[in-house]
Structure formats: C-alpha cells, structure tokens
file model.tsv (TSV, C-alpha atoms)
chain	number	residue	atom	x	y	z
A	1	MET	CA	-93.16	-114.57	214.96
A	2	HIS	CA	-89.36	-114.35	214.79
A	3	PHE	CA	-89.49	-114.99	211.05
A	4	PHE	CA	-91.68	-111.89	210.68
A	5	LEU	CA	-89.23	-109.88	212.80
A	6	LEU	CA	-86.28	-111.03	210.72
A	7	GLY	CA	-88.05	-110.15	207.49
A	8	ALA	CA	-89.14	-106.77	208.79
A	9	SER	CA	-85.69	-105.88	210.14
A	10	SER	CA	-83.99	-106.85	206.89
A	11	THR	CA	-86.51	-104.64	205.06
A	12	CYS	CA	-86.70	-101.60	207.34
A	13	PHE	CA	-82.99	-101.18	207.94
A	14	PRO	CA	-82.03	-100.77	204.25
A	15	ALA	CA	-84.96	-98.37	203.90
A	16	LEU	CA	-83.57	-96.27	206.76
A	17	LEU	CA	-80.14	-96.28	205.13
A	18	GLN	CA	-81.62	-95.18	201.81
A	19	ALA	CA	-83.58	-92.41	203.53
A	20	TYR	CA	-80.41	-91.20	205.25
A	21	ASP	CA	-78.53	-91.19	201.96
A	22	ALA	CA	-81.34	-89.32	200.19
A	23	THR	CA	-81.52	-86.70	202.96
A	24	VAL	CA	-77.84	-86.15	203.78
A	25	GLN	CA	-76.02	-87.00	200.58
A	26	LYS	CA	-78.43	-86.30	197.74
A	27	LYS	CA	-80.46	-83.58	199.50
A	28	ARG	CA	-83.70	-85.04	198.16
A	29	PRO	CA	-86.27	-85.30	200.97
A	30	LEU	CA	-88.96	-86.66	198.65
A	31	LEU	CA	-86.72	-89.60	197.82
A	32	ALA	CA	-86.24	-90.21	201.54
A	33	ILE	CA	-90.00	-90.21	202.13
A	34	GLN	CA	-90.43	-92.62	199.22
A	35	ALA	CA	-87.85	-95.01	200.74
A	36	LEU	CA	-89.50	-94.87	204.18
A	37	VAL	CA	-92.99	-95.45	202.76
A	38	ALA	CA	-91.74	-98.39	200.68
A	39	GLY	CA	-90.04	-99.93	203.72
A	40	ALA	CA	-93.15	-99.46	205.86
A	41	LEU	CA	-95.36	-101.09	203.23
A	42	ARG	CA	-93.02	-104.07	202.91
A	43	SER	CA	-93.03	-104.50	206.70
A	44	ILE	CA	-96.83	-104.31	206.80
A	45	PHE	CA	-97.11	-107.04	204.17
A	46	ILE	CA	-94.66	-109.18	206.16
A	47	PHE	CA	-96.73	-108.92	209.37
A	48	LEU	CA	-100.08	-109.09	207.57
A	49	PRO	CA	-100.55	-112.91	207.74
A	50	PHE	CA	-99.89	-112.92	211.51
A	51	PHE	CA	-102.36	-110.14	212.27
A	52	ALA	CA	-104.89	-111.58	209.82
A	53	PHE	CA	-104.87	-114.86	211.75
A	54	GLN	CA	-105.28	-113.00	215.07
A	55	ALA	CA	-108.22	-111.04	213.64
A	56	TYR	CA	-109.77	-114.25	212.31
A	57	GLY	CA	-109.55	-115.88	215.75
A	58	TYR	CA	-110.95	-112.79	217.50
A	59	LEU	CA	-113.95	-112.55	215.16
A	60	ASN	CA	-114.79	-116.25	215.37
A	61	ILE	CA	-114.31	-116.74	219.11
A	62	CYS	CA	-114.86	-113.36	220.77
A	63	VAL	CA	-117.39	-111.69	218.45
A	64	HIS	CA	-119.35	-114.51	216.80
A	65	GLY	CA	-118.59	-117.25	219.33
A	66	SER	CA	-121.34	-119.42	220.75
A	67	SER	CA	-120.00	-119.43	224.32
A	68	ASP	CA	-121.85	-117.30	226.86
A	69	GLU	CA	-118.66	-116.39	228.73
A	70	LEU	CA	-115.84	-114.67	226.87
A	71	ARG	CA	-112.38	-116.16	227.03
A	72	PRO	CA	-109.88	-114.14	229.12
A	73	TRP	CA	-107.81	-113.11	226.11
A	74	CYS	CA	-110.87	-111.53	224.47
A	75	LYS	CA	-110.96	-108.91	227.23
A	76	ALA	CA	-107.27	-108.00	226.90
A	77	LYS	CA	-106.22	-104.60	225.54
A	78	VAL	CA	-104.38	-106.39	222.72
A	79	PRO	CA	-106.28	-109.67	222.20
A	80	LEU	CA	-103.73	-112.13	220.84
A	81	LEU	CA	-104.99	-115.70	220.50
A	82	TYR	CA	-101.56	-117.25	219.98
A	83	GLY	CA	-100.06	-115.51	223.01
A	84	PHE	CA	-102.88	-116.73	225.24
A	85	ILE	CA	-102.48	-120.33	224.05
A	86	GLN	CA	-98.74	-120.24	224.75
A	87	SER	CA	-99.15	-118.72	228.20
A	88	HIS	CA	-102.23	-120.62	229.40
A	89	TYR	CA	-101.69	-124.09	227.93
A	90	TRP	CA	-97.94	-124.30	227.31
A	91	GLY	CA	-96.61	-122.39	230.31
A	92	VAL	CA	-94.62	-119.92	228.22
A	93	GLY	CA	-93.58	-116.79	230.12
A	94	PHE	CA	-90.64	-114.90	231.57
A	95	LEU	CA	-88.58	-117.24	233.85
A	96	ARG	CA	-91.49	-119.70	234.04
A	97	TYR	CA	-89.27	-122.46	232.64
A	98	PHE	CA	-86.54	-122.00	235.26
A	99	GLN	CA	-87.26	-125.18	237.21
A	100	VAL	CA	-84.99	-127.92	238.47
A	101	LYS	CA	-86.80	-130.57	236.44
A	102	GLN	CA	-86.00	-128.61	233.25
A	103	LEU	CA	-82.22	-128.84	233.68
A	104	PRO	CA	-81.88	-131.59	231.01
A	105	ASN	CA	-83.63	-129.32	228.51
A	106	PHE	CA	-81.25	-126.47	229.35
A	107	LEU	CA	-78.31	-128.81	228.76
A	108	LEU	CA	-79.87	-129.85	225.47
A	109	ALA	CA	-80.08	-126.22	224.34
A	110	SER	CA	-76.66	-125.17	225.68
A	111	PRO	CA	-74.66	-125.81	222.45
A	112	VAL	CA	-76.78	-123.61	220.19
A	113	LEU	CA	-77.19	-120.97	222.90
A	114	SER	CA	-73.42	-120.88	223.37
A	115	LEU	CA	-72.91	-120.50	219.63
A	116	ALA	CA	-75.51	-117.72	219.54
A	117	VAL	CA	-73.84	-115.84	222.42
A	118	TYR	CA	-70.45	-116.22	220.74
A	119	SER	CA	-71.92	-114.90	217.50
A	120	ILE	CA	-73.45	-111.86	219.24
A	121	VAL	CA	-70.23	-111.02	221.09
A	122	HIS	CA	-68.02	-111.59	218.04
A	123	TYR	CA	-70.02	-109.41	215.66
A	124	ALA	CA	-70.68	-106.77	218.31
A	125	LYS	CA	-66.91	-106.40	218.78
A	126	LEU	CA	-66.44	-106.35	215.02
A	127	LEU	CA	-69.02	-103.59	214.60
A	128	HIS	CA	-67.46	-101.66	217.49
A	129	ARG	CA	-64.06	-101.77	215.78
A	130	CYS	CA	-65.65	-100.71	212.50
A	131	PHE	CA	-67.34	-97.70	214.06
A	132	GLN	CA	-64.11	-96.74	215.80
A	133	ARG	CA	-62.15	-96.91	212.55
A	134	THR	CA	-64.80	-95.47	210.24
A	135	SER	CA	-67.65	-93.07	210.91
A	136	VAL	CA	-71.27	-94.17	210.71
A	137	HIS	CA	-71.76	-91.85	207.74
A	138	LYS	CA	-69.00	-93.58	205.76
A	139	GLN	CA	-70.34	-97.00	206.76
A	140	ILE	CA	-73.77	-96.08	205.40
A	141	ILE	CA	-72.29	-94.78	202.14
A	142	THR	CA	-70.21	-97.94	201.80
A	143	ALA	CA	-73.21	-100.19	202.41
A	144	LEU	CA	-75.35	-98.34	199.86
A	145	GLU	CA	-72.81	-97.91	197.10
A	146	LYS	CA	-70.88	-101.16	197.81
A	147	ARG	CA	-67.55	-99.36	197.64
A	148	PRO	CA	-64.51	-99.92	199.82
A	149	VAL	CA	-64.32	-97.67	202.83
A	150	VAL	CA	-60.82	-96.69	201.69
A	151	SER	CA	-62.13	-94.57	198.83
A	152	TYR	CA	-63.99	-92.35	201.30
A	153	ARG	CA	-61.13	-91.74	203.68
A	154	ARG	CA	-60.04	-88.54	201.99
A	155	SER	CA	-62.88	-86.36	200.78
A	156	ASP	CA	-60.45	-84.12	198.84
A	157	ASP	CA	-58.84	-87.01	197.00
A	158	ALA	CA	-60.36	-86.36	193.59
A	159	THR	CA	-57.87	-88.57	191.80
A	160	ILE	CA	-59.58	-91.74	193.03
A	161	LEU	CA	-63.10	-90.85	191.95
A	162	SER	CA	-62.49	-88.56	188.96
A	163	GLU	CA	-62.27	-89.58	185.32
A	164	PRO	CA	-59.04	-88.98	183.30
A	165	PRO	CA	-58.94	-85.93	181.02
A	166	ALA	CA	-60.35	-86.43	177.54
A	167	GLY	CA	-57.12	-85.33	175.83
A	168	LEU	CA	-54.96	-88.12	177.23
A	169	THR	CA	-53.94	-91.04	175.04
A	170	LYS	CA	-54.64	-94.61	176.07
A	171	LYS	CA	-51.06	-95.07	177.20
A	172	ALA	CA	-51.16	-91.89	179.26
A	173	GLN	CA	-54.50	-92.93	180.71
A	174	GLY	CA	-53.04	-96.26	181.73
A	175	SER	CA	-50.10	-94.68	183.50
A	176	SER	CA	-52.46	-92.16	185.13
A	177	LYS	CA	-54.69	-94.96	186.46
A	178	ALA	CA	-51.62	-96.76	187.77
A	179	LYS	CA	-50.59	-93.65	189.68
A	180	GLN	CA	-54.12	-93.29	191.04
A	181	ARG	CA	-54.04	-96.83	192.41
A	182	LYS	CA	-50.87	-96.22	194.43
A	183	PRO	CA	-52.36	-94.08	197.18
A	184	VAL	CA	-55.29	-96.48	197.47
A	185	ALA	CA	-52.98	-99.47	197.80
A	186	THR	CA	-50.91	-97.71	200.46
A	187	GLU	CA	-54.08	-97.01	202.46
A	188	ILE	CA	-55.44	-100.53	202.16
A	189	ALA	CA	-52.32	-102.11	203.61
A	190	PRO	CA	-52.61	-100.79	207.18
A	191	ALA	CA	-56.36	-101.34	207.18
A	192	THR	CA	-56.22	-105.02	206.23
A	193	PHE	CA	-53.03	-106.16	207.95
A	194	HIS	CA	-52.92	-105.07	211.56
A	195	ASP	CA	-49.68	-106.91	212.19
A	196	SER	CA	-47.09	-108.14	209.76
A	197	THR	CA	-46.71	-111.35	211.75
A	198	THR	CA	-50.36	-112.37	211.42
A	199	PRO	CA	-51.38	-114.86	208.72
A	200	ALA	CA	-52.32	-113.31	205.41
A	201	ASN	CA	-55.82	-114.76	205.34
A	202	GLN	CA	-56.75	-113.97	208.94
A	203	ASN	CA	-57.82	-110.33	208.90
A	204	ILE	CA	-58.57	-109.46	205.27
A	205	GLU	CA	-62.09	-110.79	204.98
A	206	GLU	CA	-62.99	-110.02	208.60
A	207	ASP	CA	-61.98	-106.36	208.47
A	208	GLN	CA	-63.08	-105.43	204.95
A	209	ASP	CA	-65.91	-107.59	203.68
A	210	ALA	CA	-67.49	-108.72	206.95
A	211	CYS	CA	-67.25	-105.31	208.59
A	212	SER	CA	-70.46	-103.62	207.49
A	213	ILE	CA	-73.24	-101.72	209.14
A	214	LEU	CA	-75.61	-104.17	207.44
A	215	LEU	CA	-74.62	-106.70	210.13
A	216	LEU	CA	-76.37	-104.63	212.80
A	217	PRO	CA	-80.00	-105.80	212.32
A	218	PHE	CA	-78.94	-109.45	212.22
A	219	VAL	CA	-76.97	-109.11	215.46
A	220	LEU	CA	-79.82	-107.29	217.22
A	221	HIS	CA	-82.32	-109.84	215.95
A	222	LEU	CA	-80.20	-112.75	217.17
A	223	ALA	CA	-79.77	-111.08	220.58
A	224	PHE	CA	-83.54	-110.72	220.88
A	225	MET	CA	-84.07	-114.34	219.85
A	226	ALA	CA	-81.42	-115.70	222.24
A	227	PHE	CA	-82.89	-113.71	225.15
A	228	THR	CA	-86.39	-114.98	224.33
A	229	ALA	CA	-85.22	-118.59	223.94
A	230	LEU	CA	-83.36	-118.59	227.26
A	231	PHE	CA	-85.72	-116.64	229.52
A	232	VAL	CA	-89.23	-116.85	228.01
A	233	MET	CA	-89.98	-119.84	225.82
A	234	HIS	CA	-89.42	-123.59	226.14
A	235	VAL	CA	-85.65	-123.73	226.07
A	236	GLN	CA	-85.45	-127.09	224.27
A	237	VAL	CA	-86.86	-125.42	221.16
A	238	SER	CA	-83.81	-123.11	221.00
A	239	THR	CA	-82.02	-125.21	218.38
A	240	ARG	CA	-84.88	-124.96	215.90
A	241	PHE	CA	-85.67	-121.38	216.95
A	242	LEU	CA	-82.16	-119.94	216.60
A	243	SER	CA	-81.46	-121.79	213.37
A	244	ALA	CA	-83.45	-119.06	211.59
A	245	SER	CA	-80.64	-116.53	212.22
A	246	PRO	CA	-77.89	-116.29	209.58
A	247	ALA	CA	-75.45	-114.90	212.15
A	248	VAL	CA	-75.24	-118.32	213.84
A	249	TYR	CA	-73.92	-119.91	210.63
A	250	TRP	CA	-71.60	-116.96	209.96
A	251	ALA	CA	-70.04	-117.43	213.40
A	252	ALA	CA	-69.69	-121.19	212.87
A	253	ALA	CA	-68.03	-120.60	209.50
A	254	HIS	CA	-65.70	-118.03	211.09
A	255	VAL	CA	-64.56	-120.59	213.67
A	256	LEU	CA	-64.10	-123.29	211.02
A	257	ALA	CA	-62.06	-120.99	208.77
A	258	SER	CA	-59.85	-119.70	211.56
A	259	PRO	CA	-56.23	-120.89	211.34
A	260	SER	CA	-55.66	-121.01	215.11
A	261	ARG	CA	-55.40	-124.38	216.81
A	262	ALA	CA	-57.94	-123.57	219.52
A	263	ASN	CA	-60.56	-122.54	217.00
A	264	ARG	CA	-59.82	-125.67	215.02
A	265	ARG	CA	-60.83	-127.77	218.02
A	266	TRP	CA	-64.01	-125.76	218.49
A	267	GLY	CA	-64.70	-126.12	214.77
A	268	TYR	CA	-64.42	-129.89	215.11
A	269	LEU	CA	-66.95	-129.85	217.98
A	270	ILE	CA	-69.31	-127.66	215.94
A	271	CYS	CA	-69.18	-130.10	213.02
A	272	VAL	CA	-69.84	-133.04	215.35
A	273	TYR	CA	-72.78	-131.20	216.90
A	274	PHE	CA	-74.29	-130.29	213.52
A	275	ILE	CA	-73.99	-133.86	212.25
A	276	ALA	CA	-75.43	-135.28	215.48
A	277	TYR	CA	-78.31	-132.83	215.31
A	278	ILE	CA	-79.12	-133.89	211.74
A	279	LEU	CA	-78.98	-137.62	212.44
A	280	LEU	CA	-80.24	-137.90	216.03
A	281	GLY	CA	-82.59	-134.95	215.77
A	282	SER	CA	-84.44	-136.48	212.84
A	283	LEU	CA	-84.97	-139.70	214.79
A	284	LEU	CA	-85.88	-138.17	218.15
A	285	PHE	CA	-88.09	-135.39	216.85
A	286	SER	CA	-90.13	-137.78	214.69
A	287	ASN	CA	-90.73	-139.87	217.83
A	288	PHE	CA	-91.89	-136.85	219.87
A	289	TYR	CA	-88.72	-136.44	221.93
A	290	PRO	CA	-87.66	-132.88	222.78
A	291	PHE	CA	-84.58	-132.80	220.53
A	292	THR	CA	-85.57	-129.74	218.53

call {"tool": "encode", "arguments": {"input": "model.tsv", "output": "structure tokens"}}
result
Amino acid sequence: MHFFLLGASSTCFPALLQAYDATVQKKRPLLAIQALVAGALRSIFIFLPFFAFQAYGYLNICVHGSSDELRPWCKAKVPLLYGFIQSHYWGVGFLRYFQVKQLPNFLLASPVLSLAVYSIVHYAKLLHRCFQRTSVHKQIITALEKRPVVSYRRSDDATILSEPPAGLTKKAQGSSKAKQRKPVATEIAPATFHDSTTPANQNIEEDQDACSILLLPFVLHLAFMAFTALFVMHVQVSTRFLSASPAVYWAAAHVLASPSRANRRWGYLICVYFIAYILLGSLLFSNFYPFT
C-alpha cells in the first residue's frame, strides 16, 4: 500500500504546483483544472490495482461465496480483504505489537527507524529554513521553472531576466551580460555561504539544490511510513518497508558526504549496517528468520 501512496504523492503534488502556477502566475484557470484532472487520473490509475483486488475478493467471497455465514469483513462499511487478513491472522494493529517478547524485533528495526527519524528531522529543518528565507510562492516558481531562487529575489530587477537590446554589438552584449551577472553573484554569496569559516562544500548543495518544496511529499510520506512501522505493523519488517523511501538514502548520503568527524563515524556505522543487511539479510530471510 505504501508504494501506491508514494506514487500518488509524487503525482498529485506536482499537479497541485502546476495548478497554483496556472492560477496565480499565468491567470489561466482552465490550465489549472487540466493539471488537477490529469493528477487525479494518474492517482486513480496508481490505486486501481489495489482496489481491483479488493473488489475481486469481495465479489468472490462475500457475493458469490459458498459459505452460509458471511465473513466479518464483508459486513464492514469499507470491506477490505487485505486489512482483515492482517488484523485477524497476523495481529496487525495500533500498539498491538508492543509486547515484552517483541523487544528483539524492536532492536532489529532500531537502525533503520533511527535513520528514518533523522531523515525526517533533517529535511523538516531544511524545509523550515527554506520557507523562512524564501516565500512559498517563490519556492513553487523555482520548482516549476527550475531556476535559482536568487533570480526571483527582486521582482523589479529586469536586467536579470530581460534580453539585451537588438542594436548592441556582440562585444557590447558580452560586457552587458557580464554586468548583469554581477548583482546575481553578489546575492548568491550570502545565500550559499553562511559563514566564511565553514568549509566550501558544506552548505552549497544543501542550501541551493537540496532546498526545494519538492522535498515535502517525500518527507511527509516517510513520516507516515515510520509511524506505521513503529506503532501499527510488525516492527521487524521496518527495514524492508522503509527502504521504499528515497529520503532514507538521501539522509545516509548526507551523513557520508559530511566533512565533520562525528558524521564520519556515523557514516562508517551506516556503511557497516548496509553491508551487514545485504549479506546477513539474504541468508536469514531465505531461511525464514525475521531479518527483513
């Protein structure tokens, strides 16, 4: 189910951004409706296999079944076959796995859950800083047009976005473009380098490229998955479950690329855990041990 949610969120969110751009920027409401309808149709097609399977089970068991007594899930307001199987036979439910005998499984899932929580906190702080520095409107425009936020900082700065006059020679155009780049360069400097004493490669990518409103659906999706893995489902499945989120790998890569000594140690532990999961997980999972 989480794969369907990830696909739908990555489809609906860009559609919402396009609808906002069409309504606010381009003043074309029909284009906004077209973007929303296209996003809704894509989401429907993503969820269609799941609901088709539920309908197939309902028709075969509840409607055309041979049993005289209906199964309990057939009488539910929303009859979901898969949800009933998980709850009735597997014991899946809110806080139902919080038992003393399950402590080893919680320890087994603690590394990936810790990495997921770190990823959520890290990117939530990053998005918070982005929204403090740049308005949501500018973030949306940047995400849609793939331009630097710097070029939108001054709405009256026509020299950045305008074309040179037709009467200028090539040499004059070159000098004009050079002059136009100067104010942009002066604005980029304080945005990328918060402190002159920080390493040159520490804040550039994090503050410019990684800071995007497009991170929001991935962070929300990972938060939903981490909450479900910890409080609802079998916690030992968290490693396989959370591995579907790209934000987990982004956070691991951020730690590995960090120049600080503390992050270097955590990066070493992450590499050891990933390698152990590949080697030991393949052996244990194939022999029906709960290393998943």

call {"tool": "atom_distance", "arguments": {"input": "model.tsv", "atom1": "atom CA of A:Gly39", "atom2": "atom CA of A:Cys12"}}
result
5.2 Å

call {"tool": "residues_around", "arguments": {"input": "model.tsv", "residues": "A:Ala251", "least_positions_apart": "5", "cutoff": "9 Å", "atoms": "only C-alpha atoms", "output": "VMD selection string"}}
result
chain A and resid 115 to 116 118 to 120 122 to 123 246 256

call {"tool": "write_last_selection", "arguments": {"input": "model.tsv", "atoms": "C-alpha atoms", "output": "compact mmCIF listing (two decimals), in the coordinates of the input"}}
result
# COMPACT_ATOMS: atom_id res chain seq x y z
CA LEU A 115 -72.91 -120.50 219.63
CA ALA A 116 -75.51 -117.72 219.54
CA TYR A 118 -70.45 -116.22 220.74
CA SER A 119 -71.92 -114.90 217.50
CA ILE A 120 -73.45 -111.86 219.24
CA HIS A 122 -68.02 -111.59 218.04
CA TYR A 123 -70.02 -109.41 215.66
CA PRO A 246 -77.89 -116.29 209.58
CA LEU A 256 -64.10 -123.29 211.02

call {"tool": "atom_distance", "arguments": {"input": "model.tsv", "atom1": "atom CA of A:Ala35", "atom2": "atom CA of A:His137"}}
result
17.8 Å

call {"tool": "atom_distance", "arguments": {"input": "model.tsv", "atom1": "atom CA of A:Phe285", "atom2": "atom CA of A:Val237"}}
result
10.9 Å

call {"tool": "closest_residue", "arguments": {"input": "model.tsv", "among": "A:Val248, A:Val272, A:Ala229, A:Ala257", "to": "A:Arg96", "atoms": "all atoms listed in the file"}}
result
A:Ala229

call {"tool": "residues_around", "arguments": {"input": "model.tsv", "residues": "A:Tyr97", "least_positions_apart": "4", "cutoff": "8 Å", "atoms": "all atoms listed in the file", "output": "PDB file with C-alpha atoms, keeping the file's coordinate frame"}}
result
ATOM      1  CA  GLY A  91     -96.610-122.390 230.310  1.00  0.00           C
ATOM      2  CA  VAL A  92     -94.620-119.920 228.220  1.00  0.00           C
ATOM      3  CA  GLY A  93     -93.580-116.790 230.120  1.00  0.00           C
ATOM      4  CA  GLN A 102     -86.000-128.610 233.250  1.00  0.00           C
ATOM      5  CA  PHE A 231     -85.720-116.640 229.520  1.00  0.00           C
ATOM      6  CA  VAL A 232     -89.230-116.850 228.010  1.00  0.00           C
ATOM      7  CA  MET A 233     -89.980-119.840 225.820  1.00  0.00           C
ATOM      8  CA  HIS A 234     -89.420-123.590 226.140  1.00  0.00           C
ATOM      9  CA  VAL A 235     -85.650-123.730 226.070  1.00  0.00           C
TER      10      VAL A 235
END

call {"tool": "closest_residue", "arguments": {"input": "model.tsv", "among": "A:Lys101, A:His88, A:Arg42, A:Arg240", "to": "A:Arg71", "atoms": "only C-alpha atoms"}}
result
A:His88

call {"tool": "residues_around", "arguments": {"input": "model.tsv", "residues": "A:Leu108", "least_positions_apart": "4", "cutoff": "12 Å", "atoms": "all atoms listed in the file", "output": "JSON list (two decimals) with C-alpha atoms, keeping the file's coordinate frame"}}
result
[["chain", "number", "residue", "atom", "x", "y", "z"],
["A", 102, "GLN", "CA", -86.00, -128.61, 233.25],
["A", 103, "LEU", "CA", -82.22, -128.84, 233.68],
["A", 104, "PRO", "CA", -81.88, -131.59, 231.01],
["A", 112, "VAL", "CA", -76.78, -123.61, 220.19],
["A", 113, "LEU", "CA", -77.19, -120.97, 222.90],
["A", 114, "SER", "CA", -73.42, -120.88, 223.37],
["A", 230, "LEU", "CA", -83.36, -118.59, 227.26],
["A", 234, "HIS", "CA", -89.42, -123.59, 226.14],
["A", 235, "VAL", "CA", -85.65, -123.73, 226.07],
["A", 236, "GLN", "CA", -85.45, -127.09, 224.27],
["A", 237, "VAL", "CA", -86.86, -125.42, 221.16],
["A", 238, "SER", "CA", -83.81, -123.11, 221.00],
["A", 239, "THR", "CA", -82.02, -125.21, 218.38],
["A", 240, "ARG", "CA", -84.88, -124.96, 215.90],
["A", 273, "TYR", "CA", -72.78, -131.20, 216.90],
["A", 277, "TYR", "CA", -78.31, -132.83, 215.31],
["A", 281, "GLY", "CA", -82.59, -134.95, 215.77],
["A", 289, "TYR", "CA", -88.72, -136.44, 221.93],
["A", 290, "PRO", "CA", -87.66, -132.88, 222.78],
["A", 291, "PHE", "CA", -84.58, -132.80, 220.53],
["A", 292, "THR", "CA", -85.57, -129.74, 218.53]]

call {"tool": "closest_residue", "arguments": {"input": "model.tsv", "among": "A:Ala22, A:Thr142, A:Pro29, A:Leu81", "to": "A:Phe51", "atoms": "only C-alpha atoms"}}
result
A:Leu81

call {"tool": "closest_residue", "arguments": {"input": "model.tsv", "among": "A:Pro217, A:Ile275, A:Thr134, A:Asn105", "to": "A:Thr11", "atoms": "only C-alpha atoms"}}
result
A:Pro217

call {"tool": "axis_aligned_box", "arguments": {"input": "model.tsv", "around": "stretch 16-24 of chain A", "padding_each_side": "5 Å", "output": "lines of an AutoDock Vina configuration file"}}
result
center_x = -80.7
center_y = -91.2
center_z = 203.5
size_x = 15.7
size_y = 20.1
size_z = 16.6
